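Trainee: Structure supplied as start.cif; contents: mmCIF, C-alpha atoms and all ligand atoms.
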data_start
#
loop_
_atom_site.group_PDB
_atom_site.id
_atom_site.type_symbol
_atom_site.label_atom_id
_atom_site.label_comp_id
_atom_site.auth_asym_id
_atom_site.auth_seq_id
_atom_site.Cartn_x
_atom_site.Cartn_y
_atom_site.Cartn_z
ATOM 1 C CA MET A 1 -0.199 -37.346 -10.382
ATOM 2 C CA TYR A 2 2.785 -35.091 -9.684
ATOM 3 C CA ASN A 3 5.837 -36.910 -8.219
ATOM 4 C CA PHE A 4 6.691 -35.437 -4.835
ATOM 5 C CA SER A 5 9.954 -36.444 -3.154
ATOM 6 C CA ASP A 6 9.896 -39.356 -0.682
ATOM 7 C CA HIS A 7 11.066 -36.975 1.995
ATOM 8 C CA LEU A 8 8.079 -34.652 1.546
ATOM 9 C CA ILE A 9 5.686 -37.613 1.340
ATOM 10 C CA ASP A 10 7.043 -39.019 4.618
ATOM 11 C CA LYS A 11 6.564 -35.643 6.268
ATOM 12 C CA LEU A 12 3.012 -35.299 4.907
ATOM 13 C CA LYS A 13 2.200 -38.777 6.266
ATOM 14 C CA THR A 14 3.175 -37.990 9.836
ATOM 15 C CA ALA A 15 2.681 -34.209 10.168
ATOM 16 C CA ARG A 16 -0.116 -32.961 12.398
ATOM 17 C CA ARG A 17 0.382 -29.187 12.368
ATOM 18 C CA LEU A 18 0.985 -27.091 9.276
ATOM 19 C CA VAL A 19 1.876 -23.418 8.903
ATOM 20 C CA PHE A 20 1.442 -21.575 5.611
ATOM 21 C CA PHE A 21 3.532 -18.403 5.411
ATOM 22 C CA THR A 22 2.160 -16.547 2.408
ATOM 23 C CA GLY A 23 3.003 -13.484 0.347
ATOM 24 C CA ALA A 24 1.754 -11.637 -2.705
ATOM 25 C CA GLY A 25 2.567 -14.551 -5.066
ATOM 26 C CA ILE A 26 -0.246 -16.731 -3.690
ATOM 27 C CA SER A 27 -2.721 -14.138 -4.966
ATOM 28 C CA ALA A 28 -0.955 -13.595 -8.315
ATOM 29 C CA GLU A 29 -3.141 -16.154 -10.092
ATOM 30 C CA SER A 30 -6.224 -14.332 -8.784
ATOM 31 C CA GLY A 31 -4.969 -11.283 -10.690
ATOM 32 C CA VAL A 32 -3.552 -9.330 -7.736
ATOM 33 C CA PRO A 33 -0.220 -7.770 -8.732
ATOM 34 C CA THR A 34 2.833 -8.661 -6.610
ATOM 35 C CA PHE A 35 5.068 -5.908 -5.188
ATOM 36 C CA ARG A 36 8.427 -6.621 -6.764
ATOM 37 C CA GLY A 37 9.589 -8.173 -10.019
ATOM 38 C CA GLU A 38 8.548 -7.652 -13.618
ATOM 39 C CA ASN A 39 4.837 -7.010 -13.068
ATOM 40 C CA GLY A 40 5.216 -5.738 -9.526
ATOM 41 C CA ILE A 41 3.297 -2.613 -8.511
ATOM 42 C CA TRP A 42 6.493 -1.020 -7.248
ATOM 43 C CA LYS A 43 7.867 -0.991 -10.792
ATOM 44 C CA LYS A 44 5.285 1.708 -11.414
ATOM 45 C CA PHE A 45 4.881 3.326 -7.987
ATOM 46 C CA SER A 46 7.598 4.014 -5.490
ATOM 47 C CA ALA A 47 7.180 2.263 -2.152
ATOM 48 C CA GLU A 48 8.974 5.101 -0.421
ATOM 49 C CA GLU A 49 6.489 7.607 -1.776
ATOM 50 C CA LEU A 50 3.385 5.725 -0.739
ATOM 51 C CA ALA A 51 3.983 3.019 1.852
ATOM 52 C CA ASN A 52 5.158 4.962 4.868
ATOM 53 C CA PHE A 53 3.661 7.290 7.438
ATOM 54 C CA ASP A 54 5.602 10.398 6.348
ATOM 55 C CA ALA A 55 4.286 9.985 2.823
ATOM 56 C CA PHE A 56 0.764 9.803 4.223
ATOM 57 C CA MET A 57 1.254 12.967 6.275
ATOM 58 C CA ARG A 58 2.742 14.776 3.258
ATOM 59 C CA ASN A 59 -0.071 13.829 0.949
ATOM 60 C CA PRO A 60 -2.920 11.918 2.617
ATOM 61 C CA ASP A 61 -5.214 12.263 -0.405
ATOM 62 C CA LEU A 62 -2.686 10.662 -2.754
ATOM 63 C CA VAL A 63 -2.059 7.744 -0.411
ATOM 64 C CA TRP A 64 -5.792 7.334 0.212
ATOM 65 C CA GLU A 65 -6.484 7.316 -3.547
ATOM 66 C CA TRP A 66 -3.766 4.716 -4.067
ATOM 67 C CA TYR A 67 -5.342 2.369 -1.527
ATOM 68 C CA GLN A 68 -8.852 2.963 -2.889
ATOM 69 C CA HIS A 69 -7.500 1.930 -6.290
ATOM 70 C CA ARG A 70 -5.882 -1.200 -4.843
ATOM 71 C CA ARG A 71 -9.127 -2.076 -3.032
ATOM 72 C CA GLU A 72 -11.058 -1.791 -6.286
ATOM 73 C CA VAL A 73 -8.590 -4.083 -8.053
ATOM 74 C CA ILE A 74 -8.727 -6.656 -5.257
ATOM 75 C CA HIS A 75 -12.520 -6.506 -4.895
ATOM 76 C CA ALA A 76 -12.764 -7.573 -8.520
ATOM 77 C CA THR A 77 -10.766 -10.759 -7.823
ATOM 78 C CA GLU A 78 -11.623 -14.119 -6.273
ATOM 79 C CA PRO A 79 -9.565 -16.566 -4.191
ATOM 80 C CA ASN A 80 -7.777 -19.067 -6.442
ATOM 81 C CA ALA A 81 -7.198 -22.824 -6.305
ATOM 82 C CA GLY A 82 -4.177 -22.250 -4.030
ATOM 83 C CA HIS A 83 -6.198 -20.429 -1.350
ATOM 84 C CA TYR A 84 -8.920 -23.101 -1.518
ATOM 85 C CA ALA A 85 -6.388 -25.963 -1.371
ATOM 86 C CA ILE A 86 -5.040 -24.657 1.945
ATOM 87 C CA LYS A 87 -8.597 -24.528 3.297
ATOM 88 C CA GLN A 88 -9.172 -28.132 2.154
ATOM 89 C CA LEU A 89 -6.100 -29.325 4.042
ATOM 90 C CA GLU A 90 -7.911 -28.465 7.300
ATOM 91 C CA GLU A 91 -9.802 -31.736 6.809
ATOM 92 C CA TYR A 92 -6.646 -33.800 7.159
ATOM 93 C CA PHE A 93 -4.491 -32.076 9.793
ATOM 94 C CA GLU A 94 -4.914 -31.207 13.439
ATOM 95 C CA SER A 95 -4.068 -27.588 12.727
ATOM 96 C CA VAL A 96 -3.566 -25.494 9.615
ATOM 97 C CA ILE A 97 -2.481 -21.944 10.398
ATOM 98 C CA ILE A 98 -2.017 -19.213 7.835
ATOM 99 C CA VAL A 99 0.486 -16.465 8.553
ATOM 100 C CA THR A 100 0.060 -13.996 5.746
ATOM 101 C CA GLN A 101 1.821 -10.803 4.730
ATOM 102 C CA ASN A 102 -1.075 -10.055 2.388
ATOM 103 C CA ILE A 103 -3.672 -7.392 3.036
ATOM 104 C CA ASP A 104 -6.055 -8.703 0.365
ATOM 105 C CA ASN A 105 -8.478 -10.857 2.402
ATOM 106 C CA LEU A 106 -8.367 -13.722 -0.090
ATOM 107 C CA HIS A 107 -7.567 -16.353 2.583
ATOM 108 C CA ARG A 108 -10.587 -15.115 4.554
ATOM 109 C CA ARG A 109 -12.755 -15.261 1.455
ATOM 110 C CA ALA A 110 -11.558 -18.872 0.915
ATOM 111 C CA LYS A 111 -12.868 -19.497 4.482
ATOM 112 C CA SER A 112 -9.590 -20.532 6.099
ATOM 113 C CA SER A 113 -10.128 -20.922 9.843
ATOM 114 C CA THR A 114 -6.985 -19.460 11.398
ATOM 115 C CA ILE A 115 -5.303 -16.500 9.744
ATOM 116 C CA TYR A 116 -2.732 -14.129 11.199
ATOM 117 C CA GLU A 117 -2.276 -10.931 9.212
ATOM 118 C CA LEU A 118 1.202 -9.534 9.774
ATOM 119 C CA HIS A 119 0.860 -6.425 7.600
ATOM 120 C CA GLY A 120 -2.734 -5.426 8.311
ATOM 121 C CA ASN A 121 -5.897 -5.587 6.257
ATOM 122 C CA MET A 122 -7.049 -3.292 3.493
ATOM 123 C CA GLU A 123 -10.687 -3.425 4.628
ATOM 124 C CA LYS A 124 -9.831 -1.732 7.907
ATOM 125 C CA ASN A 125 -8.938 1.843 8.806
ATOM 126 C CA TYR A 126 -8.297 3.817 11.956
ATOM 127 C CA CYS A 127 -7.970 7.412 13.105
ATOM 128 C CA ILE A 128 -4.356 8.458 13.680
ATOM 129 C CA ASN A 129 -5.496 10.722 16.515
ATOM 130 C CA CYS A 130 -8.030 8.869 18.705
ATOM 131 C CA LYS A 131 -7.420 5.374 17.154
ATOM 132 C CA LYS A 132 -11.153 4.854 16.531
ATOM 133 C CA ARG A 133 -11.560 1.990 14.077
ATOM 134 C CA TYR A 134 -13.506 2.193 10.826
ATOM 135 C CA ASP A 135 -14.360 -0.334 8.128
ATOM 136 C CA PHE A 136 -13.760 0.178 4.454
ATOM 137 C CA VAL A 137 -17.485 0.288 3.770
ATOM 138 C CA ASP A 138 -17.693 3.460 5.872
ATOM 139 C CA PHE A 139 -15.765 5.269 3.101
ATOM 140 C CA GLU A 140 -16.437 3.181 0.036
ATOM 141 C CA ASP A 141 -16.862 6.198 -2.224
ATOM 142 C CA ALA A 142 -14.418 8.599 -0.551
ATOM 143 C CA LYS A 143 -12.108 10.091 -3.159
ATOM 144 C CA GLU A 144 -10.072 11.980 -0.582
ATOM 145 C CA SER A 145 -8.683 10.910 2.732
ATOM 146 C CA PRO A 146 -11.587 11.022 5.241
ATOM 147 C CA LYS A 147 -11.557 12.620 8.671
ATOM 148 C CA CYS A 148 -12.649 11.126 11.975
ATOM 149 C CA GLU A 149 -15.370 12.733 14.119
ATOM 150 C CA CYS A 150 -12.472 13.952 16.332
ATOM 151 C CA GLY A 151 -10.952 15.773 13.337
ATOM 152 C CA GLY A 152 -8.025 13.310 12.976
ATOM 153 C CA LEU A 153 -6.954 11.795 9.671
ATOM 154 C CA ILE A 154 -8.155 8.275 8.949
ATOM 155 C CA ARG A 155 -5.533 5.914 7.557
ATOM 156 C CA PRO A 156 -5.631 2.356 6.250
ATOM 157 C CA ASP A 157 -4.839 -0.293 8.881
ATOM 158 C CA ILE A 158 -1.764 -1.453 7.000
ATOM 159 C CA VAL A 159 1.772 -1.817 8.325
ATOM 160 C CA TRP A 160 4.012 0.628 6.478
ATOM 161 C CA PHE A 161 7.809 0.632 6.448
ATOM 162 C CA GLY A 162 9.277 1.638 9.799
ATOM 163 C CA GLU A 163 6.127 0.605 11.691
ATOM 164 C CA ASN A 164 5.867 -2.244 14.166
ATOM 165 C CA LEU A 165 3.913 -5.335 13.242
ATOM 166 C CA PRO A 166 0.813 -5.940 15.420
ATOM 167 C CA SER A 167 1.992 -8.134 18.302
ATOM 168 C CA ASP A 168 -1.409 -9.846 18.563
ATOM 169 C CA GLN A 169 -0.697 -11.237 15.073
ATOM 170 C CA PHE A 170 3.084 -11.668 15.202
ATOM 171 C CA ASP A 171 3.336 -13.417 18.595
ATOM 172 C CA PRO A 172 0.853 -16.213 17.828
ATOM 173 C CA SER A 173 2.520 -16.592 14.412
ATOM 174 C CA GLN A 174 5.841 -17.175 16.122
ATOM 175 C CA ALA A 175 4.170 -19.693 18.472
ATOM 176 C CA ALA A 176 2.609 -21.483 15.485
ATOM 177 C CA VAL A 177 6.050 -21.742 13.871
ATOM 178 C CA GLU A 178 7.495 -23.211 17.069
ATOM 179 C CA ASN A 179 4.701 -25.797 17.207
ATOM 180 C CA CYS A 180 4.480 -26.808 13.564
ATOM 181 C CA ASP A 181 5.694 -29.940 11.813
ATOM 182 C CA ILE A 182 5.890 -28.414 8.322
ATOM 183 C CA LEU A 183 6.081 -24.756 7.278
ATOM 184 C CA PHE A 184 5.242 -23.855 3.689
ATOM 185 C CA THR A 185 6.593 -20.505 2.478
ATOM 186 C CA ILE A 186 4.552 -19.512 -0.544
ATOM 187 C CA GLY A 187 4.737 -16.636 -3.004
ATOM 188 C CA THR A 188 7.038 -14.369 -1.046
ATOM 189 C CA SER A 189 10.400 -12.863 -1.887
ATOM 190 C CA GLY A 190 11.300 -13.101 1.827
ATOM 191 C CA ILE A 191 13.050 -9.757 1.910
ATOM 192 C CA VAL A 192 10.752 -7.911 4.296
ATOM 193 C CA TYR A 193 11.502 -8.181 8.013
ATOM 194 C CA PRO A 194 10.556 -9.090 10.664
ATOM 195 C CA ALA A 195 8.085 -11.302 8.737
ATOM 196 C CA ALA A 196 10.912 -13.172 6.995
ATOM 197 C CA TYR A 197 12.335 -14.215 10.358
ATOM 198 C CA LEU A 198 9.417 -16.644 10.748
ATOM 199 C CA PRO A 199 10.422 -19.168 8.052
ATOM 200 C CA MET A 200 14.068 -18.635 8.998
ATOM 201 C CA ASN A 201 13.229 -19.459 12.626
ATOM 202 C CA ALA A 202 11.346 -22.544 11.483
ATOM 203 C CA HIS A 203 14.501 -23.711 9.739
ATOM 204 C CA LYS A 204 16.623 -22.920 12.801
ATOM 205 C CA LEU A 205 14.243 -24.972 14.963
ATOM 206 C CA GLY A 206 14.695 -27.957 12.647
ATOM 207 C CA LYS A 207 11.193 -27.771 11.133
ATOM 208 C CA PHE A 208 10.624 -29.106 7.649
ATOM 209 C CA VAL A 209 10.391 -26.024 5.399
ATOM 210 C CA VAL A 210 8.908 -26.184 1.902
ATOM 211 C CA GLU A 211 9.094 -23.314 -0.575
ATOM 212 C CA ILE A 212 6.502 -22.871 -3.314
ATOM 213 C CA ASN A 213 7.647 -20.208 -5.761
ATOM 214 C CA PRO A 214 8.470 -20.292 -9.480
ATOM 215 C CA VAL A 215 11.773 -18.512 -8.756
ATOM 216 C CA SER A 216 14.528 -18.677 -6.164
ATOM 217 C CA THR A 217 14.242 -16.311 -3.169
ATOM 218 C CA GLU A 218 16.177 -15.153 -0.118
ATOM 219 C CA LEU A 219 14.443 -17.957 1.779
ATOM 220 C CA SER A 220 15.414 -20.776 -0.619
ATOM 221 C CA PRO A 221 18.654 -21.603 1.285
ATOM 222 C CA PHE A 222 16.549 -22.274 4.404
ATOM 223 C CA CYS A 223 14.197 -24.752 2.728
ATOM 224 C CA ASN A 224 14.303 -28.561 2.818
ATOM 225 C CA GLU A 225 12.114 -28.922 -0.239
ATOM 226 C CA ILE A 226 11.573 -26.557 -3.146
ATOM 227 C CA LEU A 227 8.613 -26.697 -5.504
ATOM 228 C CA ARG A 228 9.233 -24.344 -8.424
ATOM 229 C CA PHE A 229 5.619 -24.008 -9.496
ATOM 230 C CA PRO A 230 2.868 -21.411 -9.337
ATOM 231 C CA SER A 231 0.967 -22.014 -6.108
ATOM 232 C CA ALA A 232 -2.500 -22.379 -7.667
ATOM 233 C CA GLU A 233 -1.091 -25.257 -9.716
ATOM 234 C CA ILE A 234 0.870 -27.199 -7.094
ATOM 235 C CA LEU A 235 -1.221 -26.722 -3.923
ATOM 236 C CA PRO A 236 -4.213 -28.708 -5.300
ATOM 237 C CA LYS A 237 -1.729 -31.492 -6.182
ATOM 238 C CA ILE A 238 -0.581 -31.528 -2.567
ATOM 239 C CA VAL A 239 -4.215 -31.902 -1.469
ATOM 240 C CA GLU A 240 -4.636 -34.843 -3.889
ATOM 241 C CA LYS A 241 -1.513 -36.486 -2.488
ATOM 242 C CA VAL A 242 -2.623 -36.001 1.119
ATOM 243 C CA ARG A 243 -6.037 -37.463 0.270
ATOM 244 C CA GLU A 244 -4.352 -40.507 -1.241
ATOM 245 C CA LEU A 245 -2.035 -40.889 1.773
ATOM 246 C CA ARG A 246 -4.881 -40.616 4.270
ATOM 247 C CA ALA A 247 -7.359 -42.793 2.349
HETATM 248 C C1 LIG A 301 4.548 -16.613 -7.042
HETATM 249 C C2 LIG A 301 3.623 -16.620 -8.047
HETATM 250 C C3 LIG A 301 2.782 -17.727 -8.084
HETATM 251 C C4 LIG A 301 4.706 -14.805 -8.259
HETATM 252 N N1 LIG A 301 2.908 -18.689 -7.176
HETATM 253 N N2 LIG A 301 4.661 -17.579 -6.149
HETATM 254 C C5 LIG A 301 16.006 -6.199 9.287
HETATM 255 C C6 LIG A 301 16.878 -6.230 8.229
HETATM 256 C C7 LIG A 301 16.704 -5.362 7.156
HETATM 257 C C8 LIG A 301 15.665 -4.428 7.122
HETATM 258 C C9 LIG A 301 14.792 -4.407 8.167
HETATM 259 C C10 LIG A 301 14.969 -5.288 9.233
HETATM 260 N N3 LIG A 301 13.955 -5.045 10.123
HETATM 261 C C11 LIG A 301 13.183 -4.047 9.642
HETATM 262 C C12 LIG A 301 13.659 -3.636 8.466
HETATM 263 C C13 LIG A 301 13.051 -2.529 7.666
HETATM 264 C C14 LIG A 301 11.874 -2.955 6.858
HETATM 265 C C15 LIG A 301 12.339 -3.997 5.851
HETATM 266 O O1 LIG A 301 12.142 -5.200 5.989
HETATM 267 N N4 LIG A 301 12.933 -3.543 4.756
HETATM 268 C C16 LIG A 301 13.420 -4.455 3.712
HETATM 269 C C17 LIG A 301 12.695 -4.159 2.402
HETATM 270 C C18 LIG A 301 14.896 -4.348 3.611
HETATM 271 N N5 LIG A 301 10.786 -3.516 7.668
HETATM 272 C C19 LIG A 301 9.898 -2.728 8.259
HETATM 273 O O2 LIG A 301 9.950 -1.516 8.167
HETATM 274 C C20 LIG A 301 8.808 -3.426 9.078
HETATM 275 N N6 LIG A 301 8.661 -2.847 10.349
HETATM 276 C C21 LIG A 301 9.602 -2.964 11.312
HETATM 277 O O3 LIG A 301 10.607 -3.625 11.142
HETATM 278 O O4 LIG A 301 9.292 -2.333 12.480
HETATM 279 C C22 LIG A 301 10.350 -2.154 13.410
HETATM 280 C C23 LIG A 301 10.878 -0.750 13.187
HETATM 281 C C24 LIG A 301 10.268 0.293 13.854
HETATM 282 C C25 LIG A 301 10.762 1.582 13.661
HETATM 283 C C26 LIG A 301 11.825 1.819 12.793
HETATM 284 C C27 LIG A 301 12.393 0.745 12.102
HETATM 285 C C28 LIG A 301 11.909 -0.558 12.301
HETATM 286 C C29 LIG A 301 7.458 -3.214 8.421
HETATM 287 C C30 LIG A 301 7.342 -3.876 7.108
HETATM 288 C C31 LIG A 301 5.987 -3.557 6.480
HETATM 289 C C32 LIG A 301 5.885 -4.086 5.073
HETATM 290 N N7 LIG A 301 4.730 -3.582 4.432
HETATM 291 C C33 LIG A 301 4.516 -3.882 3.041
HETATM 292 C C34 LIG A 301 3.684 -2.772 2.385
HETATM 293 C C35 LIG A 301 2.307 -2.645 2.867
HETATM 294 C C36 LIG A 301 1.642 -1.496 2.226
HETATM 295 C C37 LIG A 301 1.037 -1.811 0.892
HETATM 296 O O5 LIG A 301 0.581 -2.919 0.644
HETATM 297 O O6 LIG A 301 0.972 -0.876 0.112
HETATM 298 O O7 LIG A 301 3.933 -5.173 2.919
HETATM 299 S S1 LIG A 301 5.979 -4.027 2.088
HETATM 300 C C38 LIG A 301 5.357 -5.202 0.978
HETATM 301 O O8 LIG A 301 6.287 -6.283 1.015
HETATM 302 C C39 LIG A 301 4.037 -5.689 1.574
HETATM 303 C C40 LIG A 301 4.255 -7.187 1.546
HETATM 304 O O9 LIG A 301 3.462 -7.820 2.539
HETATM 305 C C41 LIG A 301 5.734 -7.348 1.772
HETATM 306 C C42 LIG A 301 6.305 -8.665 1.301
HETATM 307 O O10 LIG A 301 6.209 -8.771 -0.077
HETATM 308 P P1 LIG A 301 5.939 -10.196 -0.736
HETATM 309 O O11 LIG A 301 4.609 -10.679 -0.333
HETATM 310 O O12 LIG A 301 7.082 -11.076 -0.461
HETATM 311 O O13 LIG A 301 5.831 -9.812 -2.288
HETATM 312 P P2 LIG A 301 6.976 -9.723 -3.409
HETATM 313 O O14 LIG A 301 6.388 -8.998 -4.559
HETATM 314 O O15 LIG A 301 8.236 -9.218 -2.865
HETATM 315 O O16 LIG A 301 7.225 -11.255 -3.813
HETATM 316 C C43 LIG A 301 6.258 -12.031 -4.484
HETATM 317 C C44 LIG A 301 6.812 -13.419 -4.705
HETATM 318 O O17 LIG A 301 5.802 -14.212 -5.296
HETATM 319 C C45 LIG A 301 8.002 -13.460 -5.689
HETATM 320 O O18 LIG A 301 9.055 -14.231 -5.116
HETATM 321 C C46 LIG A 301 7.448 -14.187 -6.917
HETATM 322 O O19 LIG A 301 8.398 -15.025 -7.569
HETATM 323 C C47 LIG A 301 6.368 -15.030 -6.289
HETATM 324 N N8 LIG A 301 5.301 -15.418 -7.196
HETATM 325 N N9 LIG A 301 3.795 -15.467 -8.828
HETATM 326 C C48 LIG A 301 3.889 -18.577 -6.233
HETATM 327 N N10 LIG A 301 1.846 -17.826 -9.073
HETATM 328 ZN ZN ZN A 302 -10.432 10.216 15.809
#
When written as structure tokens, how does the structure in this file appear?
Ligand code: BJW
Ligand code: ZN
Mentor:
Amino acid sequence: MYNFSDHLIDKLKTARRLVFFTGAGISAESGVPTFRGENGIWKKFSAEELANFDAFMRNPDLVWEWYQHRREVIHATEPNAGHYAIKQLEEYFESVIIVTQNIDNLHRRAKSSTIYELHGNMEKNYCINCKKRYDFVDFEDAKESPKCECGGLIRPDIVWFGENLPSDQFDPSQAAVENCDILFTIGTSGIVYPAAYLPMNAHKLGKFVVEINPVSTELSPFCNEILRFPSAEILPKIVEKVRELRA
């Protein structure tokens, strides 16, 4: 069994409410590429060219094709042991809330109960004109950016740079942070705001903050405990430990 620090073990013994703040790294072991770093998708594609509204207006077909490609990649993956471990922790704590920056649906597919999606969801789309909502399945085979019945362009329901985060996801995330006993920040570089304020606020509020990431990040200085491991490896070990503590 992996040796966790006494401090973390004490916290796991008494904690009732957990928040998991997750980023691309939690899905890395499912085969979903992260954004930044050596194998990051933005090594190959420029974020500025694709992940903002102006880029979409300049070339909607290119942006649409890019997201269709990403959907295909993600549809071929499965949740990993890290996603499932978080789901299993629901058995032992009063509340387990996921606040994710990911658009990949893998927490949903692992059947987690409470998930806030800060940056949208790749299965959803909406018309930029009348705001009518569409599911991905409506355009599964569309090679070019589809049009709404009102004639407006249909875009993915994803938060691009310069766009506000959905307040119905951000506000309850902030409340969950305020009410938690432990916040885990997992697989995120912590450089994208306002999402990164959430673990920083947790630290400011005196919450116990644990980072799970093989490398150091912008959030590391705000963490009480750092686990330098891939999440699919260490999260199941945390479940084992909690099981032992609660037995
Ligand atoms: C593993 C692992 C394993 C690997 N196990 N770990 C304040 C200060 C400075 C700038 C700003 C600010 N406020 C706003 C801004 C501007 C901007 C911003 O933050 N820019 C920064 C880059 C500087 N923010 C915005 O524009 C936001 N909107 C906003 O602020 O609205 C107000 C506003 C209105 C009008 C004008 C101006 C402002 C919106 C941000 C939207 C972000 N959207 C994206 C793209 C979505 C589209 C797409 O998917 O194509 O969301 S950006 C991209 O980054 C994506 C991610 O959710 C997000 C975070 O990335 P993440 O998850 O951290 O991934 P990586 O790759 O960075 O890190 C992966 C980590 O995993 C690494 O650390 C690895 O080590 C680790 N890892 N394997 C565990 N096995
Ligand atoms: Zn419309």
Trainee: Could you tell me, as a VMD selection string, exactly which residues end up selected when the PyMOL selection byres (((chain A and resi 54-61) around 12) and not hetatm) is applied to this structure?
Mentor: chain A and resid 46 to 53 62 to 68 128 142 to 147 152 to 156 158 160 to 163
Trainee: Around ligand ZN 302 (chain A), which protein and nucleic acid residues have at least one atom no more than 6 Å from it, if we count only C-alpha atoms and all ligand atoms? List them as a PyMOL selection string.
Mentor: chain A and resi 127+129-132+148-150+152
Trainee: Write out as a Markdown table a residue-level contact list of range 4-108 of chain A versus range 213-237 of chain A with cut-off 7 Å: for each qualifying residue the closest pair of atoms and the distance in Å to one decimal, counting only C-alpha atoms, rows sorted by chain and residue number upward.
Mentor:
| residue | atom | partner | partner_atom | distance |
| --- | --- | --- | --- | --- |
| A:Ile26 | CA | A:Ser231 | CA | 5.9 |
| A:Glu29 | CA | A:Ala232 | CA | 6.7 |
| A:Asn80 | CA | A:Ala232 | CA | 6.3 |
| A:Ala81 | CA | A:Ala232 | CA | 4.9 |
| A:Gly82 | CA | A:Ala232 | CA | 4.0 |
| A:Ala85 | CA | A:Pro236 | CA | 5.3 |
Trainee: Can you spell out as number ranges by chain the set of residues that the PyMOL selection byres (((chain A and resi 101) around 9) and not hetatm) selects in the structure I just provided?
Mentor: A: 21-24, 99-100, 102-103, 116-120, 188, 195
Trainee: Quick one: apply the PyMOL selection byres (((chain A and resi 113) around 10) and not hetatm) to the file and drop the selected residues here as a compact mmCIF listing (two decimals) with C-alpha atoms, keeping the file's coordinate frame.
Mentor:
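Saved result, out.txt, follows:
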# COMPACT_ATOMS: atom_id res chain seq x y z
CA LYS A 87 -8.60 -24.53 3.30
CA GLU A 90 -7.91 -28.46 7.30
CA SER A 95 -4.07 -27.59 12.73
CA VAL A 96 -3.57 -25.49 9.62
CA ILE A 97 -2.48 -21.94 10.40
CA ILE A 98 -2.02 -19.21 7.84
CA HIS A 107 -7.57 -16.35 2.58
CA ARG A 108 -10.59 -15.12 4.55
CA ALA A 110 -11.56 -18.87 0.92
CA LYS A 111 -12.87 -19.50 4.48
CA SER A 112 -9.59 -20.53 6.10
CA THR A 114 -6.98 -19.46 11.40
CA ILE A 115 -5.30 -16.50 9.74
Trainee: Using only the atoms of ligand LIG 301 (chain A) listed in the file, plus 4 Å on each side, state the axis-aligned box centre and edge lengths in Å rounded to one decimal, as lines of an AutoDock Vina configuration file.
Mentor:
center_x = 8.7
center_y = -8.4
center_z = 2.4
size_x = 24.3
size_y = 28.5
size_z = 30.9
Trainee: Could you check the closest approach to ligand LIG 301 (chain A) for each of A:Arg70, A:Arg133, A:His7, A:Lys241 and tell me which residue wins, using all atoms listed in the file?
Mentor: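 Distance minimum relative to ligand LIG 301 (chain A) lands on A:Arg70.
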Trainee: Using all atoms listed in the file, which of the listed residues (A:Ile182, A:Leu18, A:Ile212, A:Val32) sits closest to ligand LIG 301 (chain A)?
Mentor: A:Ile212
Trainee: For the point (-9.5, 3.4, 7.5) in file coordinates, what residues are within 7 Å, counting all atoms listed in the file? Give the answer as number ranges by chain?
Mentor: A: 124-126, 134-136, 154-157
Trainee: At a cut-off of 7 Å, using all atoms listed in the file, what residues contact Ser30 in chain A? Leave out same-chain residues fewer than 2 positions from it and give the result as a compact mmCIF listing (two decimals) with C-alpha atoms, keeping the file's coordinate frame.
Mentor:
# COMPACT_ATOMS: atom_id res chain seq x y z
CA SER A 27 -2.72 -14.14 -4.97
CA ALA A 28 -0.96 -13.60 -8.32
CA VAL A 32 -3.55 -9.33 -7.74
CA THR A 77 -10.77 -10.76 -7.82
CA GLU A 78 -11.62 -14.12 -6.27
CA PRO A 79 -9.56 -16.57 -4.19
CA ASN A 80 -7.78 -19.07 -6.44
Trainee: Could you check which of A:His69, A:His75, A:His203, A:Lys11 is closest to ligand LIG 301 (chain A), using all atoms listed in the file?
Mentor: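 Looking only at the distances to ligand LIG 301 (chain A), the closest residue turns out to be A:His69.
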Trainee: Nearest residue to Pro172 in chain A out of A:Val19, A:Gly25, A:Arg246, A:Thr34, using all atoms listed in the file?
Mentor: A:Val19
Trainee: Could you state the separation of atom C37 of ligand LIG 301 (chain A) and CA of Leu89 in chain A in Å, given to one decimal place?
Mentor: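 Atom-to-atom, atom C37 of ligand LIG 301 (chain A) to CA of Leu89 in chain A, that is 28.6 Å.
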Trainee: Please compute the CA of Ile238 in chain A-CA of Asp171 in chain A distance, one decimal, in Å.
Mentor: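 These atoms are spaced 28.1 Å apart.
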Trainee: Do you have the atom C20 of ligand LIG 301 (chain A)-CA of Asp141 in chain A distance handy?
Mentor: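 Separating atom C20 of ligand LIG 301 (chain A) from CA of Asp141 in chain A is a distance of 29.7 Å.
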Trainee: Can you pull out the residues contacting Gln174 in chain A? Cut-off 10 Å, using only C-alpha atoms, and skip same-chain residues under 6 positions away; I want them as an MDAnalysis selection string.
Mentor: chainID A and resid 99 195 197:199 201:202
Trainee: Give the answer as one residue: which of A:Asp104, A:Glu91, A:Glu244, A:Glu123 has the shortest atom-to-atom distance to ligand LIG 301 (chain A), using all atoms listed in the file?
Mentor: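 Among the listed residues, the smallest separation from ligand LIG 301 (chain A) belongs to A:Asp104.
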Trainee: Select, from A:Ala247, A:Ala175, A:Leu183, A:Val192, the residue with the minimum atom-to-atom distance to ligand LIG 301 (chain A), counting all atoms listed in the file.
Mentor: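 Ranked by minimum distance to ligand LIG 301 (chain A), first place goes to A:Val192.
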